[in-house]
>>> print(open('entry.txt').read())   # compact mmCIF, C-alpha atoms
# COMPACT_ATOMS: atom_id res chain seq x y z
CA MET A 1 0.00 0.00 0.00
CA GLU A 2 2.70 2.51 0.96
CA GLY A 3 4.79 1.74 -2.12
CA SER A 4 1.90 2.52 -4.44
CA ALA A 5 1.22 5.84 -2.67
CA ILE A 6 4.83 6.94 -3.21
CA ALA A 7 4.71 5.71 -6.82
CA GLN A 8 1.71 7.98 -7.43
CA PHE A 9 3.68 11.06 -6.35
CA VAL A 10 6.74 10.35 -8.53
CA PRO A 11 5.14 11.67 -11.77
CA LEU A 12 3.94 14.78 -9.92
CA ILE A 13 7.45 15.44 -8.62
CA LEU A 14 8.90 14.91 -12.11
CA ILE A 15 6.40 17.35 -13.62
CA PHE A 16 7.32 19.97 -11.01
CA ALA A 17 11.04 19.47 -11.70
CA ILE A 18 10.52 19.84 -15.45
CA MET A 19 8.41 22.98 -14.94
CA TYR A 20 11.11 24.45 -12.69
CA PHE A 21 13.92 23.92 -15.20
CA LEU A 22 11.92 24.94 -18.28
CA LEU A 23 9.89 27.89 -16.95
CA ILE A 24 10.75 29.20 -13.50
CA ARG A 25 14.55 29.14 -13.59
CA PRO A 26 14.94 30.88 -17.00
CA GLN A 27 12.45 33.56 -15.94
CA GLN A 28 14.42 34.25 -12.74
CA LYS A 29 17.62 34.53 -14.79
CA LYS A 30 15.94 36.98 -17.19
CA VAL A 31 14.74 39.14 -14.28
CA LYS A 32 18.26 39.24 -12.79
CA GLU A 33 19.75 40.27 -16.14
CA HIS A 34 17.13 43.03 -16.53
CA GLN A 35 17.84 44.34 -13.02
CA LYS A 36 21.58 44.38 -13.79
CA MET A 37 20.98 46.24 -17.07
CA VAL A 38 18.72 48.83 -15.40
CA SER A 39 21.12 49.43 -12.53
CA ALA A 40 23.96 50.05 -15.01
CA LEU A 41 22.12 52.85 -16.85
CA ARG A 42 24.11 56.05 -17.23
CA ARG A 43 23.81 59.39 -18.95
CA GLY A 44 24.09 59.12 -22.73
CA ASP A 45 22.78 55.55 -23.07
CA GLN A 46 20.25 55.11 -25.86
CA VAL A 47 17.28 53.10 -24.58
CA VAL A 48 13.92 51.68 -25.64
CA THR A 49 11.04 51.81 -23.16
CA GLN A 50 8.38 49.14 -22.87
CA GLY A 51 6.04 51.56 -24.60
CA GLY A 52 8.31 51.55 -27.65
CA LEU A 53 9.77 55.03 -27.19
CA ILE A 54 13.42 55.44 -28.15
CA GLY A 55 15.47 58.08 -26.42
CA LYS A 56 18.72 59.00 -24.75
CA VAL A 57 19.20 59.00 -20.98
CA SER A 58 19.85 62.58 -19.91
CA LYS A 59 19.78 62.06 -16.16
CA VAL A 60 19.59 59.13 -13.74
CA LYS A 61 17.56 60.27 -10.74
CA GLU A 62 16.95 58.71 -7.36
CA ASN A 63 13.68 56.87 -6.61
CA ASN A 64 14.23 54.55 -9.62
CA GLU A 65 13.57 57.32 -12.14
CA VAL A 66 15.40 58.13 -15.35
CA GLU A 67 15.03 61.27 -17.44
CA VAL A 68 14.96 60.32 -21.12
CA GLU A 69 15.28 62.82 -23.96
CA LEU A 70 13.03 61.71 -26.81
CA ALA A 71 13.78 64.65 -29.12
CA GLU A 72 15.58 67.98 -28.89
CA GLY A 73 14.11 69.66 -25.81
CA VAL A 74 11.55 66.90 -25.12
CA LYS A 75 12.39 65.13 -21.87
CA VAL A 76 10.24 62.64 -19.97
CA ARG A 77 10.63 60.98 -16.61
CA VAL A 78 10.49 57.19 -16.81
CA VAL A 79 10.54 54.51 -14.13
CA GLN A 80 13.79 52.55 -14.51
CA ASN A 81 12.07 49.17 -14.65
CA THR A 82 10.12 50.23 -17.77
CA ILE A 83 13.37 50.37 -19.77
CA ALA A 84 13.12 47.34 -22.02
CA GLN A 85 16.44 47.49 -23.84
CA VAL A 86 19.67 49.47 -24.01
CA ILE A 87 20.51 50.06 -27.68
CA SER A 88 23.90 51.69 -27.24
CA LYS A 89 25.96 52.26 -24.14
CA THR A 90 28.26 55.16 -23.51
CA GLU A 91 31.81 54.47 -22.50
CA PRO A 92 32.57 55.18 -18.86
CA ALA A 93 34.54 58.35 -18.24
CA ALA A 94 38.27 57.73 -18.06
CA GLU A 95 39.63 58.28 -14.58
CA SER A 96 42.82 60.30 -14.36
>>> encode(input="entry.txt", output="structure tokens")
Amino acid sequence: MEGSAIAQFVPLILIFAIMYFLLIRPQQKKVKEHQKMVSALRRGDQVVTQGGLIGKVSKVKENNEVEVELAEGVKVRVVQNTIAQVISKTEPAAES
């Protein structure tokens, strides 16, 4: 009786393990990479927001905000986590 009860749970455990390695783990890795990308934003980076707007970072503010210049003289405040992609990065300033 006990052996058959354990045998019934083996497929359930296998399904959970497969789900973890195919869905949960890659999603966690993607979130970590996005957080790393967002925390490395600096002035001059060209970015794409989740809304599809392309602009250049003009200022990184506190409270997880970034000021993005969409066109000459048109600046918007954006929450850092809504940055979907960094198109081009600026080189860090050389330290003397």
>>> closest_residue(input="entry.txt", among="A:Met19, A:Leu53, A:Ala7, A:Val38", to="Val79 (chain A)", atoms="only C-alpha atoms")
A:Val38
>>> atom_distance(input="entry.txt", atom1="CA of Lys59 (chain A)", atom2="CA of His34 (chain A)")
19.2 Å
>>> closest_residue(input="entry.txt", among="A:Val10, A:Val57, A:Leu22, A:Ala5", to="Ala40 (chain A)", atoms="all atoms listed in the file")
A:Val57
>>> closest_residue(input="entry.txt", among="A:Ile6, A:Val66, A:Ile24, A:Leu12", to="Gln46 (chain A)", atoms="all atoms listed in the file")
A:Val66
>>> residues_around(input="entry.txt", residues="Thr82 (chain A)", least_positions_apart="4", cutoff="10 Å", atoms="all atoms listed in the file", output="list in words")
Val38, Val48, Thr49, Gln50, Gly51, Glu65, Val66 and Val78 of chain A
>>> atom_distance(input="entry.txt", atom1="CA of Glu33 (chain A)", atom2="CA of Asn63 (chain A)")
20.1 Å
>>> atom_distance(input="entry.txt", atom1="CA of Ser88 (chain A)", atom2="CA of Val31 (chain A)")
20.2 Å
>>> closest_residue(input="entry.txt", among="A:Val47, A:Ile54, A:Val60, A:Leu14", to="Gln85 (chain A)", atoms="only C-alpha atoms")
A:Val47
>>> axis_aligned_box(input="entry.txt", around="region 5-22 of chain A", padding_each_side="5 Å", output="AutoDock Vina command-line options")
--center_x 7.6 --center_y 15.3 --center_z -10.5 --size_x 22.7 --size_y 29.2 --size_z 25.6
